[in-house]
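File shown here: work_32.txt, holding compact mmCIF, C-alpha atoms.
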```txt
# COMPACT_ATOMS: atom_id res chain seq x y z
CA MET A 1 8.86 -6.71 6.75
CA GLY A 2 8.93 -7.55 3.08
CA ASP A 3 11.92 -9.90 3.43
CA GLY A 4 13.87 -7.80 0.95
CA SER A 5 11.06 -7.47 -1.62
CA GLY A 6 9.95 -4.06 -2.88
CA LEU A 7 7.15 -1.92 -1.46
CA ASP A 8 3.78 -2.29 -3.22
CA PRO A 9 2.26 1.14 -3.98
CA ASP A 10 -0.79 -0.40 -5.72
CA ALA A 11 -1.77 -2.33 -2.61
CA ILE A 12 -1.14 0.73 -0.42
CA LEU A 13 -3.37 2.92 -2.62
CA ASP A 14 -6.10 0.26 -2.85
CA SER A 15 -6.14 0.05 0.95
CA VAL A 16 -6.45 3.83 1.28
CA ASN A 17 -9.37 3.81 -1.18
CA VAL A 18 -11.20 1.27 0.92
CA LEU A 19 -10.83 3.45 4.03
CA ALA A 20 -11.95 6.56 2.15
CA ASN A 21 -15.07 4.80 0.86
CA GLN A 22 -15.97 3.20 4.17
CA LEU A 23 -15.25 6.03 6.61
CA GLY A 24 -16.90 8.95 4.82
CA GLN A 25 -16.45 12.04 6.99
CA GLY A 26 -14.40 9.92 9.43
CA PHE A 27 -11.65 9.87 6.76
CA ARG A 28 -10.03 13.23 7.48
CA GLU A 29 -6.87 13.26 5.41
CA VAL A 30 -4.33 11.08 3.64
CA ARG A 31 -0.66 11.86 3.13
CA TYR A 32 2.12 9.83 1.60
CA LYS A 33 5.86 9.35 1.88
CA ASN A 34 7.12 8.97 -1.67
CA THR A 35 10.69 8.25 -0.61
CA ARG A 36 11.83 6.44 2.50
CA HIS A 37 12.97 9.47 4.44
CA GLY A 38 10.76 12.07 2.79
CA GLN A 39 8.12 14.11 4.55
CA PHE A 40 4.49 13.08 4.49
CA GLU A 41 2.88 15.02 1.64
CA GLN A 42 -0.48 15.14 -0.09
CA ARG A 43 0.68 14.19 -3.55
CA LYS A 44 1.06 10.50 -4.30
CA LEU A 45 3.78 9.42 -6.68
CA ARG A 46 5.02 5.95 -5.78
CA PRO A 47 4.10 5.88 -2.08
CA ARG A 48 6.14 3.79 0.36
CA VAL A 49 3.66 4.44 3.16
CA ALA A 50 0.27 6.12 3.49
CA ARG A 51 -0.84 7.93 6.63
CA VAL A 52 -4.61 8.26 7.00
CA THR A 53 -6.01 10.55 9.69
CA VAL A 54 -9.23 9.06 11.02
CA ALA A 55 -11.84 10.41 13.42
CA PRO A 56 -13.01 9.68 15.97
CA GLY A 57 -10.26 7.74 17.76
CA ILE A 58 -10.69 5.10 20.44
CA HIS A 59 -10.16 7.56 23.31
CA GLN A 60 -9.09 10.67 21.36
CA PRO A 61 -10.69 12.95 18.75
CA ALA A 62 -8.50 11.48 15.96
CA GLY A 63 -5.85 8.88 15.14
CA TYR A 64 -3.33 8.00 12.43
CA LEU A 65 -3.38 4.74 10.53
CA ASP A 66 -0.11 4.14 8.67
CA ILE A 67 -0.33 1.52 5.92
CA GLN A 68 2.43 -0.36 4.12
CA TRP A 69 2.34 -3.37 1.78
CA TRP A 70 5.22 -5.25 0.23
CA GLU A 71 5.36 -7.23 -3.00
CA ASN A 72 5.74 -10.52 -1.12
CA GLY A 73 2.32 -9.96 0.50
CA ASP A 74 3.64 -8.63 3.83
CA TYR A 75 1.85 -5.68 5.36
CA LYS A 76 1.87 -3.35 8.35
CA TYR A 77 -1.07 -1.36 9.71
CA HIS A 78 0.08 0.93 12.52
CA TYR A 79 -2.57 2.83 14.44
CA ARG A 80 -1.66 5.71 16.77
CA GLU A 81 -3.54 8.19 18.85
CA GLN A 82 -2.36 10.05 21.91
CA GLY A 83 -1.70 7.45 24.61
CA LEU A 84 -2.50 4.39 22.50
CA GLU A 85 -0.99 2.52 19.58
CA PHE A 86 -1.15 -0.95 18.06
CA ARG A 87 0.05 -2.73 14.96
CA LEU A 88 -1.30 -5.55 12.84
CA GLY A 89 1.18 -7.12 10.47
CA ARG A 90 2.13 -9.99 8.28
CA GLU A 91 5.77 -10.98 7.99
CA ALA A 92 6.55 -14.02 5.85
CA ALA A 93 10.10 -14.16 7.25
CA ASN A 94 8.66 -15.16 10.65
CA SER A 95 7.91 -18.58 9.18
CA GLY A 96 9.59 -21.24 11.30
CA THR A 97 10.76 -18.78 13.97
CA GLY A 98 8.07 -19.33 16.57
CA THR A 99 6.82 -15.79 15.95
CA PRO A 100 3.46 -15.79 14.16
CA ILE A 101 3.53 -14.66 10.52
CA ARG A 102 0.28 -12.76 10.97
CA HIS A 103 0.69 -10.93 14.24
CA PHE A 104 -0.73 -8.29 16.52
CA HIS A 105 1.36 -5.92 18.63
CA PRO A 106 -1.10 -5.01 21.40
CA PRO A 107 -1.34 -1.50 22.87
CA ASN A 108 -0.11 -2.56 26.31
CA ASP A 109 3.07 -4.20 24.97
CA LEU A 110 4.15 -3.35 21.43
CA THR A 111 7.15 -5.67 21.60
CA THR A 112 5.09 -8.85 21.85
CA HIS A 113 3.77 -10.74 18.82
CA GLU A 114 0.33 -12.18 19.48
CA PRO A 115 -1.39 -14.16 16.74
CA SER A 116 -3.47 -11.82 14.58
CA CYS A 117 -7.15 -12.52 14.08
CA ILE A 118 -6.86 -11.39 10.45
CA GLU A 119 -6.80 -14.18 7.88
CA PRO A 120 -4.85 -14.02 4.61
CA GLY A 121 -6.54 -12.00 1.90
CA PRO A 122 -6.16 -9.20 -0.61
CA PRO A 123 -5.57 -5.59 0.57
CA GLU A 124 -9.30 -4.78 0.46
CA ARG A 125 -10.24 -7.61 2.80
CA VAL A 126 -7.31 -7.08 5.15
CA THR A 127 -8.09 -3.34 5.31
CA LEU A 128 -11.75 -4.04 6.05
CA ALA A 129 -10.76 -6.48 8.80
CA VAL A 130 -8.36 -3.93 10.35
CA LEU A 131 -11.13 -1.35 10.10
CA ALA A 132 -13.55 -3.77 11.77
CA THR A 133 -11.35 -4.42 14.79
CA TRP A 134 -10.54 -0.69 15.16
CA TRP A 135 -14.24 0.15 14.80
CA ALA A 136 -15.22 -2.36 17.50
CA ALA A 137 -12.75 -0.63 19.86
CA VAL A 138 -14.05 2.83 18.91
CA LYS A 139 -17.66 1.81 19.54
CA ALA A 140 -16.77 0.15 22.85
CA GLY A 141 -14.34 2.94 23.80
CA ASP A 142 -12.11 0.07 24.87
CA LYS A 143 -8.74 -0.99 23.43
CA ALA A 144 -9.12 -4.44 25.02
CA VAL A 145 -11.57 -5.28 22.23
CA LEU A 146 -8.81 -5.09 19.59
CA ASN A 147 -7.90 -8.35 17.84
CA THR A 148 -10.61 -10.34 19.62
CA GLN A 149 -13.21 -10.62 16.84
CA ASN A 150 -12.47 -14.12 15.70
CA ARG A 151 -12.68 -17.67 16.90
CA LEU A 152 -9.23 -17.83 18.40
CA PRO A 153 -9.23 -19.57 21.79
CA MET B 1 31.65 -4.94 0.83
CA ASN B 2 31.42 -3.19 4.13
CA THR B 3 28.28 -4.92 5.27
CA HIS B 4 29.40 -6.48 8.52
CA THR B 5 28.47 -3.54 10.65
CA MET B 6 25.84 -0.91 10.28
CA PRO B 7 27.47 2.51 10.41
CA ASP B 8 26.21 4.85 13.09
CA ASP B 9 25.06 7.33 10.51
CA ALA B 10 22.70 4.85 8.88
CA PRO B 11 19.43 6.66 8.39
CA THR B 12 16.48 5.16 10.17
CA ASP B 13 12.80 5.39 9.38
CA GLY B 14 12.53 8.25 11.85
CA PRO B 15 10.96 7.32 15.14
CA PRO B 16 8.40 4.87 13.70
CA ASP B 17 7.28 3.69 17.10
CA GLY B 18 7.73 6.92 18.95
CA PRO B 19 5.09 7.72 21.52
CA ASP B 20 4.83 11.31 20.25
CA VAL B 21 3.41 10.59 16.80
CA PHE B 22 -0.32 11.18 16.70
CA PRO B 23 -2.72 13.79 15.32
CA ASP B 24 -2.58 17.14 17.08
CA SER B 25 -5.70 19.09 17.92
CA ALA B 26 -5.53 20.99 14.60
CA GLU B 27 -5.91 17.70 12.72
CA ALA B 28 -8.99 16.62 14.66
CA PRO B 29 -12.37 17.73 13.31
CA GLU B 30 -13.50 21.15 14.56
CA GLN B 31 -16.78 19.62 15.57
CA PRO B 32 -15.72 16.43 17.34
CA LEU B 33 -17.07 13.25 15.78
CA ASP B 34 -18.19 10.31 17.84
CA ALA B 35 -18.95 6.76 16.86
CA ALA B 36 -22.56 7.64 16.05
CA ASP B 37 -21.41 10.17 13.41
CA ILE B 38 -19.77 7.65 11.13
CA ALA B 39 -20.98 4.36 9.66
CA PRO B 40 -17.95 2.54 8.27
CA PHE B 41 -19.90 -0.66 7.57
CA THR B 42 -23.03 -1.12 5.51
CA THR B 43 -23.15 -4.71 6.75
CA ASP B 44 -24.65 -5.30 10.21
CA THR B 45 -21.45 -5.83 12.20
CA GLY B 46 -23.41 -7.43 15.03
CA GLU B 47 -24.21 -10.40 12.81
CA TYR B 48 -20.59 -11.48 12.67
CA ASP B 49 -18.34 -12.73 15.44
CA ASP B 50 -15.49 -13.21 12.98
CA ILE B 51 -14.09 -10.05 11.39
CA ASN B 52 -12.80 -12.01 8.41
CA GLU B 53 -16.34 -13.05 7.50
CA LEU B 54 -17.47 -9.48 8.13
CA ALA B 55 -14.69 -8.12 5.89
CA THR B 56 -15.64 -10.46 3.06
CA ALA B 57 -19.36 -9.68 3.43
CA GLU B 58 -18.66 -5.93 3.43
CA TRP B 59 -16.37 -6.15 0.41
CA LYS B 60 -19.09 -8.05 -1.46
CA ALA B 61 -21.76 -5.59 -0.35
CA THR B 62 -19.84 -2.55 -1.59
CA THR B 63 -18.46 -3.89 -4.91
CA THR B 64 -19.59 -6.03 -7.83
CA ALA B 65 -17.96 -9.36 -8.67
CA ASP B 66 -16.51 -7.77 -11.82
CA GLU B 67 -14.96 -4.93 -9.83
CA ARG B 68 -13.36 -7.36 -7.39
CA ILE B 69 -11.88 -9.53 -10.13
CA ARG B 70 -10.54 -6.42 -11.88
CA ALA B 71 -8.95 -5.23 -8.63
CA VAL B 72 -7.37 -8.63 -7.97
CA ILE B 73 -6.04 -9.12 -11.51
CA SER B 74 -4.53 -5.61 -11.51
CA ARG B 75 -2.26 -6.76 -8.65
CA THR B 76 -1.59 -10.26 -10.00
CA ALA B 77 1.93 -10.22 -11.43
CA THR B 78 2.48 -13.98 -11.11
CA ALA B 79 0.03 -16.14 -13.08
CA LYS B 80 -2.73 -17.86 -11.10
CA THR B 81 -5.59 -20.24 -11.92
CA ALA B 82 -9.15 -18.95 -12.24
CA GLY B 83 -9.90 -20.85 -9.02
CA GLU B 84 -7.18 -19.04 -7.09
CA ILE B 85 -8.33 -15.68 -8.40
CA ALA B 86 -11.95 -16.55 -7.58
CA ASP B 87 -10.90 -17.33 -4.03
CA ILE B 88 -9.05 -14.03 -3.55
CA ALA B 89 -11.85 -11.98 -5.17
CA ALA B 90 -14.62 -13.76 -3.24
CA VAL B 91 -16.51 -14.79 -6.40
CA SER B 92 -17.53 -18.18 -7.81
CA GLU B 93 -15.07 -19.96 -10.04
CA SER B 94 -17.44 -19.88 -13.02
CA LYS B 95 -17.90 -16.12 -12.59
CA ALA B 96 -14.11 -15.70 -12.41
CA ARG B 97 -13.64 -17.71 -15.61
CA SER B 98 -16.08 -15.62 -17.63
CA ALA B 99 -14.86 -12.30 -16.20
CA LEU B 100 -11.21 -13.20 -16.79
CA LYS B 101 -11.99 -14.12 -20.38
CA SER B 102 -13.49 -10.64 -20.89
CA LEU B 103 -10.47 -9.01 -19.24
CA VAL B 104 -8.17 -10.91 -21.60
CA ASP B 105 -10.24 -9.65 -24.57
CA GLU B 106 -10.00 -6.15 -23.17
CA GLY B 107 -6.21 -6.41 -22.87
CA VAL B 108 -6.17 -6.01 -19.09
CA ALA B 109 -5.31 -9.64 -18.36
CA GLU B 110 -3.06 -12.15 -20.06
CA ALA B 111 -3.79 -15.90 -20.30
CA THR B 112 -1.12 -18.60 -20.50
CA GLN B 113 -1.43 -22.38 -20.63
CA ASP B 114 0.43 -24.84 -18.50
CA ALA B 115 -0.05 -28.54 -17.70
CA SER B 116 -2.78 -27.76 -15.17
CA GLY B 117 -4.78 -25.51 -17.51
CA THR B 118 -5.18 -21.78 -18.09
CA LEU B 119 -3.38 -19.31 -15.87
CA TYR B 120 -4.11 -15.60 -15.65
CA ARG B 121 -2.19 -12.52 -14.67
CA ARG B 122 -2.34 -8.82 -15.39
CA ASP B 123 -1.09 -7.65 -18.76
CA SER B 124 2.24 -6.23 -17.65
CA ASP B 125 2.58 -3.71 -20.52
CA ARG B 126 -0.92 -2.39 -19.97
CA HIS B 127 -0.31 -2.12 -16.23
CA LEU B 128 2.97 -0.29 -16.77
CA ILE B 129 1.40 2.18 -19.19
CA GLU B 130 -1.46 2.91 -16.79
CA GLN B 131 1.02 3.52 -13.97
CA LEU B 132 3.12 5.84 -16.15
CA HIS B 133 0.04 7.68 -17.36
CA ARG B 134 -1.03 8.34 -13.76
CA LEU B 135 2.47 9.44 -12.73
CA ALA B 136 2.85 11.66 -15.81
CA SER B 137 -0.12 13.72 -14.66
CA SER B 138 1.61 14.55 -11.34
CA GLY B 139 3.68 17.62 -10.64
CA GLY B 140 7.17 17.64 -9.13
CA LEU B 141 8.56 14.67 -11.03
CA LEU B 142 12.05 16.15 -11.44
CA GLU B 143 12.27 16.96 -7.75
CA GLN B 144 11.14 13.42 -6.96
CA LEU B 145 13.72 12.00 -9.36
CA GLN B 146 16.44 13.83 -7.45
CA ALA B 147 15.15 12.58 -4.10
CA VAL B 148 15.03 8.96 -5.28
CA LYS B 149 18.52 9.23 -6.79
CA ALA B 150 19.85 10.59 -3.51
CA GLU B 151 18.24 7.71 -1.65
CA ILE B 152 19.88 5.16 -3.98
CA GLY B 153 23.23 6.92 -3.49
CA GLU B 154 22.93 6.43 0.27
CA TYR B 155 22.50 2.67 -0.11
CA GLN B 156 25.32 2.43 -2.64
CA ASP B 157 27.67 4.23 -0.25
CA ARG B 158 26.59 2.24 2.76
CA TYR B 159 26.97 -1.17 1.12
CA GLU B 160 29.75 -0.23 -1.32
CA ALA B 161 27.70 -1.88 -4.05
CA ASP B 162 26.01 -0.63 -7.19
CA ALA B 163 22.83 -2.68 -6.93
CA PRO B 164 20.80 -4.36 -4.17
CA GLU B 165 21.20 -7.74 -5.87
CA GLU B 166 24.94 -7.63 -5.15
CA VAL B 167 24.18 -7.43 -1.45
CA LEU B 168 21.51 -10.14 -1.65
CA LEU B 169 23.99 -12.44 -3.40
CA SER B 170 26.58 -12.15 -0.63
CA ASP B 171 26.99 -15.28 1.51
CA ARG B 172 26.22 -13.52 4.74
CA ARG B 173 22.76 -13.73 6.30
CA LEU B 174 21.24 -10.25 6.23
CA GLU B 175 19.86 -8.65 9.37
CA ASP B 176 16.33 -7.27 9.50
CA ASP B 177 17.40 -3.64 9.12
CA GLU B 178 19.56 -4.59 6.14
CA LEU B 179 16.62 -6.37 4.49
CA THR B 180 14.58 -3.21 5.06
CA ASP B 181 17.33 -1.27 3.25
CA ILE B 182 17.19 -3.79 0.41
CA SER B 183 13.38 -3.44 0.16
CA HIS B 184 13.63 0.33 -0.13
CA TRP B 185 16.66 0.20 -2.41
CA ARG B 186 14.88 -2.12 -4.87
CA THR B 187 11.79 0.07 -4.67
CA ALA B 188 13.86 3.19 -5.33
CA GLU B 189 15.56 1.59 -8.36
CA ARG B 190 12.19 0.66 -9.82
CA ASP B 191 10.68 4.06 -8.97
CA LEU B 192 13.57 5.80 -10.71
CA ASP B 193 12.74 3.93 -13.95
CA TYR B 194 9.07 4.83 -13.59
CA LEU B 195 9.80 8.48 -12.82
CA ARG B 196 12.18 8.88 -15.73
CA ALA B 197 9.68 7.36 -18.15
CA ALA B 198 6.80 9.41 -16.71
CA TYR B 199 8.84 12.59 -17.03
CA ARG B 200 9.58 11.85 -20.70
CA ILE B 201 5.87 11.23 -21.30
CA GLN B 202 5.04 14.50 -19.58
CA GLN B 203 7.49 16.36 -21.83
CA ALA B 204 6.14 14.63 -24.94
CA LYS B 205 2.59 15.50 -23.95
CA GLU B 206 3.49 19.14 -23.50
CA ARG B 207 5.10 19.24 -26.95
CA VAL B 208 2.12 17.51 -28.55
CA HIS B 209 -0.25 19.98 -26.90
CA GLU B 210 1.83 22.93 -28.08
CA THR B 211 1.80 21.54 -31.62
CA ASP B 212 -1.93 20.91 -31.45
CA ASP B 213 -2.50 24.46 -30.25
CA LEU B 214 -0.45 25.82 -33.15
CA VAL B 215 -2.32 23.63 -35.62
CA GLY B 216 -5.54 24.87 -34.06
CA ILE B 217 -4.49 28.49 -34.56
CA GLU B 218 -3.39 27.83 -38.15
CA SER B 219 -6.56 26.00 -39.13
CA GLY B 220 -8.61 28.64 -37.33
CA ARG B 221 -6.97 31.34 -39.49
CA ARG B 222 -7.62 29.40 -42.66
CA HIS B 223 -11.18 28.91 -41.61
CA THR B 224 -11.81 32.61 -41.17
CA GLN B 225 -10.17 33.58 -44.46
```
Just give me the structure of the file as structure tokens.
Amino acid sequence: MGDGSGLDPDAILDSVNVLANQLGQGFREVRYKNTRHGQFEQRKLRPRVARVTVAPGIHQPAGYLDIQWWENGDYKYHYREQGLEFRLGREAANSGTGTPIRHFHPPNDLTTHEPSCIEPGPPERVTLAVLATWWAAVKAGDKAVLNTQNRLP
Amino acid sequence: MNTHTMPDDAPTDGPPDGPDVFPDSAEAPEQPLDAADIAPFTTDTGEYDDINELATAEWKATTTADERIRAVISRTATAKTAGEIADIAAVSESKARSALKSLVDEGVAEATQDASGTLYRRDSDRHLIEQLHRLASSGGLLEQLQAVKAEIGEYQDRYEADAPEEVLLSDRRLEDDELTDISHWRTAERDLDYLRAAYRIQQAKERVHETDDLVGIESGRRHTQ
């Protein structure tokens, strides 16, 4: 991800703000890694990744959503709860490789790249779209709903 | 440069995809929440079968056009047309034009002219100062400086190079994990500059406050005499 460009702390923090505003009491906690190999901590300096604890989960009481953005517009949203994880990402370097730039790693096979239903947009819109697909799965209690809310065939 | 093989001791990002990373029971709410307890969308989600349209509608429902343009321009480092900014911020082009003009007057945005017309981007000095101001109000800057320096040292040792650009300029095609190193290395170099500047600001602020306090005491004494 990022194709060698720097991490984008502004976009990471803007994405976290959207989740905090939308989720209310469902936004349990946010922690940041301020260096690559640092521990997650509450203070934010120049975060490389944010980890938001959300509740409820799809099948569990809570989940983590890890968020990263890069200066070239790439991003990674990685959701994890016990027994289930998925990722939604954008990777410009996939251009011309046969792997979709905007992709979804589904819970049943994280190694595959399915086309993502999320269209290009600023961090706020991408975060809201990720939230929407997660929320559909939470409401349905069904991970199969993930990445289906679009007009893809 | 020893960049043909990745040494075995290359640090990784931990187990990013490990199956054992998830909230434990202590991190879950004491009173379990279910879907009925939260309402993450003010928009009626049932009205949309496309989450991109839903995301745009929700963003518009929870922010004003001015707020969205301000958010977009604050991340716009490369100049864009008012039309492009309007598109990203989900506002009309005429709204974007008038709002951008105000942001230029305010010193938040910068306008430049090219053959196709006016282009806008954030005012880079203003943005930098705001970032430094925010960082300067944080604790633990020295400790963070040390951590970032140590991280840079790891990359310098691993690639036997002083700067990430040296590695990027090599003829060899870089592997994914090497590009990830480069991303973090560049970020660490930039963060080091920010942290150093923020620390100096923090020190200056403390000195100014001490001086102000002394002046306050002095003038207080004079006042009571």
Residues at most 10 Å from Val16 of chain A, counting only C-alpha atoms, excluding those fewer than 3 positions away in the same chain, as a PyMOL selection string?
chain A and resi 10-13+19-22+27+30+50-52+65-67+123-124+127
Output file for the selection above: C-alpha atoms, as an mmCIF file, in the frame of the given file:
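Everything below was put into result_27.cif:
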```
data_model
loop_
_atom_site.group_PDB
_atom_site.id
_atom_site.type_symbol
_atom_site.label_atom_id
_atom_site.label_comp_id
_atom_site.auth_asym_id
_atom_site.auth_seq_id
_atom_site.Cartn_x
_atom_site.Cartn_y
_atom_site.Cartn_z
ATOM 1 C CA ASP A 10 -0.790 -0.400 -5.720
ATOM 2 C CA ALA A 11 -1.770 -2.330 -2.610
ATOM 3 C CA ILE A 12 -1.140 0.730 -0.420
ATOM 4 C CA LEU A 13 -3.370 2.920 -2.620
ATOM 5 C CA LEU A 19 -10.830 3.450 4.030
ATOM 6 C CA ALA A 20 -11.950 6.560 2.150
ATOM 7 C CA ASN A 21 -15.070 4.800 0.860
ATOM 8 C CA GLN A 22 -15.970 3.200 4.170
ATOM 9 C CA PHE A 27 -11.650 9.870 6.760
ATOM 10 C CA VAL A 30 -4.330 11.080 3.640
ATOM 11 C CA ALA A 50 0.270 6.120 3.490
ATOM 12 C CA ARG A 51 -0.840 7.930 6.630
ATOM 13 C CA VAL A 52 -4.610 8.260 7.000
ATOM 14 C CA LEU A 65 -3.380 4.740 10.530
ATOM 15 C CA ASP A 66 -0.110 4.140 8.670
ATOM 16 C CA ILE A 67 -0.330 1.520 5.920
ATOM 17 C CA PRO A 123 -5.570 -5.590 0.570
ATOM 18 C CA GLU A 124 -9.300 -4.780 0.460
ATOM 19 C CA THR A 127 -8.090 -3.340 5.310
#
```
Nearby residues (all atoms listed in the file) at most 9 Å from Trp135 of chain A, same-chain spacing under 5 positions excluded, as number ranges by chain: A: 58, 130, 140, 146; B: 35, 40
Grab the residues selected above and save them as a CSV table (one decimal), keeping the file's coordinate frame with C-alpha atoms.
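Output file out-v3.csv is given in full below:
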```
chain,number,residue,atom,x,y,z
A,58,ILE,CA,-10.7,5.1,20.4
A,130,VAL,CA,-8.4,-3.9,10.4
A,140,ALA,CA,-16.8,0.2,22.8
A,146,LEU,CA,-8.8,-5.1,19.6
B,35,ALA,CA,-19.0,6.8,16.9
B,40,PRO,CA,-18.0,2.5,8.3
```
Excluding segment 90-103 of chain A and any residue of its chain fewer than 5 positions from it, enumerate the residues within 9 Å of it, using only C-alpha atoms, and give them as a list in words.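 Listed by chain and then number, they are Met1, Gly2, Asp3, Asn72, Gly73, Asp74, Tyr75, Lys76, His113, Glu114, Pro115, Ser116, Cys117, Ile118, Glu119 and Pro120 of chain A.
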With all atoms listed in the file as the counted atoms, please give the residues lying no more than 12 Å from Arg134 of chain B, apart from itself and same-chain residues fewer than 3 positions off, as a PyMOL selection string. (chain A and resi 10+43-46) or (chain B and resi 127-131+137-139+141+194-195+197-199+201-202)
Margin query: Neighbouring residues of Pro61 of chain A were defined as those with any atom within 10 Å, considering all atoms listed in the file; residues of the same chain fewer than 2 positions away were excluded. Please report them as an MDAnalysis selection string.
Written below: (chainID A and resid 54:59 63 81:82) or (chainID B and resid 23:25 27:34)
Using all atoms listed in the file, the best pick from A:Thr133, A:Gln68, A:Thr112, A:Gln60 as closest to Tyr32 of chain A would be A:Gln68
Distance-based interface of chain B with chain A, 7 Å, counting only C-alpha atoms, as JSON, numbers by chain: {"B": [13, 22, 23, 28, 32, 33, 34, 35, 38, 39, 40, 41, 49, 50, 51, 52, 55, 56, 59, 88, 135, 148, 179, 180, 182, 183, 184, 186, 187, 191]}
For the residues in that selection, give me C-alpha atoms as a JSON list (two decimals), in the frame of the given file.
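Written output follows (again_0.json):
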```json
[["chain", "number", "residue", "atom", "x", "y", "z"],
["B", 13, "ASP", "CA", 12.80, 5.39, 9.38],
["B", 22, "PHE", "CA", -0.32, 11.18, 16.70],
["B", 23, "PRO", "CA", -2.72, 13.79, 15.32],
["B", 28, "ALA", "CA", -8.99, 16.62, 14.66],
["B", 32, "PRO", "CA", -15.72, 16.43, 17.34],
["B", 33, "LEU", "CA", -17.07, 13.25, 15.78],
["B", 34, "ASP", "CA", -18.19, 10.31, 17.84],
["B", 35, "ALA", "CA", -18.95, 6.76, 16.86],
["B", 38, "ILE", "CA", -19.77, 7.65, 11.13],
["B", 39, "ALA", "CA", -20.98, 4.36, 9.66],
["B", 40, "PRO", "CA", -17.95, 2.54, 8.27],
["B", 41, "PHE", "CA", -19.90, -0.66, 7.57],
["B", 49, "ASP", "CA", -18.34, -12.73, 15.44],
["B", 50, "ASP", "CA", -15.49, -13.21, 12.98],
["B", 51, "ILE", "CA", -14.09, -10.05, 11.39],
["B", 52, "ASN", "CA", -12.80, -12.01, 8.41],
["B", 55, "ALA", "CA", -14.69, -8.12, 5.89],
["B", 56, "THR", "CA", -15.64, -10.46, 3.06],
["B", 59, "TRP", "CA", -16.37, -6.15, 0.41],
["B", 88, "ILE", "CA", -9.05, -14.03, -3.55],
["B", 135, "LEU", "CA", 2.47, 9.44, -12.73],
["B", 148, "VAL", "CA", 15.03, 8.96, -5.28],
["B", 179, "LEU", "CA", 16.62, -6.37, 4.49],
["B", 180, "THR", "CA", 14.58, -3.21, 5.06],
["B", 182, "ILE", "CA", 17.19, -3.79, 0.41],
["B", 183, "SER", "CA", 13.38, -3.44, 0.16],
["B", 184, "HIS", "CA", 13.63, 0.33, -0.13],
["B", 186, "ARG", "CA", 14.88, -2.12, -4.87],
["B", 187, "THR", "CA", 11.79, 0.07, -4.67],
["B", 191, "ASP", "CA", 10.68, 4.06, -8.97]]
```
Open item on the list: To one decimal place in Å, what is the distance between atom CA of Gly83 of chain B and atom CA of Ala96 of chain B?
Closed with: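 Value for the atom CA of Gly83 of chain B-atom CA of Ala96 of chain B distance: 7.5 Å.
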*Neighbours of point (-2.8, -21.5, -22.0) within 12 Å, using all atoms listed in the file, written as a PyMOL selection string*: chain B and resi 79-82+101+104+110-121
Create the file for the chosen residues now, containing C-alpha atoms and written as a short mmCIF file (atom, residue, chain, number, x, y, z; two decimals), in the coordinates of the input.
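After the write, out_8.cif holds the following:
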```
data_model
loop_
_atom_site.label_atom_id
_atom_site.label_comp_id
_atom_site.auth_asym_id
_atom_site.auth_seq_id
_atom_site.Cartn_x
_atom_site.Cartn_y
_atom_site.Cartn_z
CA ALA B 79 0.03 -16.14 -13.08
CA LYS B 80 -2.73 -17.86 -11.10
CA THR B 81 -5.59 -20.24 -11.92
CA ALA B 82 -9.15 -18.95 -12.24
CA LYS B 101 -11.99 -14.12 -20.38
CA VAL B 104 -8.17 -10.91 -21.60
CA GLU B 110 -3.06 -12.15 -20.06
CA ALA B 111 -3.79 -15.90 -20.30
CA THR B 112 -1.12 -18.60 -20.50
CA GLN B 113 -1.43 -22.38 -20.63
CA ASP B 114 0.43 -24.84 -18.50
CA ALA B 115 -0.05 -28.54 -17.70
CA SER B 116 -2.78 -27.76 -15.17
CA GLY B 117 -4.78 -25.51 -17.51
CA THR B 118 -5.18 -21.78 -18.09
CA LEU B 119 -3.38 -19.31 -15.87
CA TYR B 120 -4.11 -15.60 -15.65
CA ARG B 121 -2.19 -12.52 -14.67
#
```
